[in-house]
Amino acid sequence: MRRGYLLAEAMIAVIIAGIVAAIFTTMNYYTHLQSNTLKGQNSKTILEVIKSRLLHTAKDADNDSYFELLKEEADNTLPANLGLGVDAWGKRVFYSTIDLGAANADALYAQNIISISPNTNIAGRLVSSGQDMILDTDKDDSVAQGDDIMLEIGVGELNHFKLYGSSEITTQTRGYNSAIVSATEPLAPINGALWFDTAVSKLKMYNSTTSTWTQIN
């Protein structure tokens, strides 16, 4: 009779152990899930902070009325003097820039002239490779691929910040919202660029289709 009780007790103990194991496995899964969700949110914040620092450090290095961002390292990582370089998973943030104006001779600032994004008027791009730490997004993608997290810096946003000390709300497909002021025609203008021609005191907008400046006042 006692032997029967021992068998039942052993079976109950095994069942309880199984239930406890299942509970801990489930808790571990959701903890891991919540951890990665939080890291994703933190990575977005990190990219915003990096973007803010890049806006602050940008300058018109070649005096062509186009502000340039700090140049990326040879492996497309952020310059060390920026103080930030990894996402919440500890992976290096991918960083690319383009010099949209005249050729820039300052080695500290953007010199690349090859397109970095299919979206128009983009001066820089930041990409976190996400939870899987594999970079799925390339220069031909208009939005982040896979679990990547992408943040782009628009030309208009960059110029607005440098001229007025504040950033705009959105970035993509944005031209200048501030005018280039000079007596001579800006070099290598982008579509929608505004130019206040001081020689005739007229505001003009560039049309890339016709490659002409159209007076708008």
# chains A, B, ... in the order shown; residues from 1 in each chain; ligands from 1
>>> residues_around(residues="Val181 of chain A", least_positions_apart="4", cutoff="9 Å", atoms="only C-alpha atoms", output="list of chain:residue names")
A:Ser65, A:Pro186, A:Leu194, A:Trp195, A:Phe196, A:Asp197, A:Thr198
>>> select_by_dssp(residues="segment 10-170 of chain A", states="strand (DSSP E or B)", output="ChimeraX atom specification")
/A:59,68,70,86,92,94-97,109,122-128,149-154
>>> residues_around(residues="segment 150-153 of chain A", least_positions_apart="3", cutoff="7 Å", atoms="only C-alpha atoms", output="PyMOL selection string")
chain A and resi 47+122-128+144+157-158+171
>>> residues_around(residues="Ala193 of chain A", least_positions_apart="4", cutoff="12 Å", atoms="only C-alpha atoms", output="PyMOL selection string")
chain A and resi 65-66+100-101+120-121+155-156+159+174-181+185-189+203-208+211-216
>>> atom_distance(atom1="atom CA of Thr209 of chain A", atom2="atom CA of Ser115 of chain A")
18.3 Å
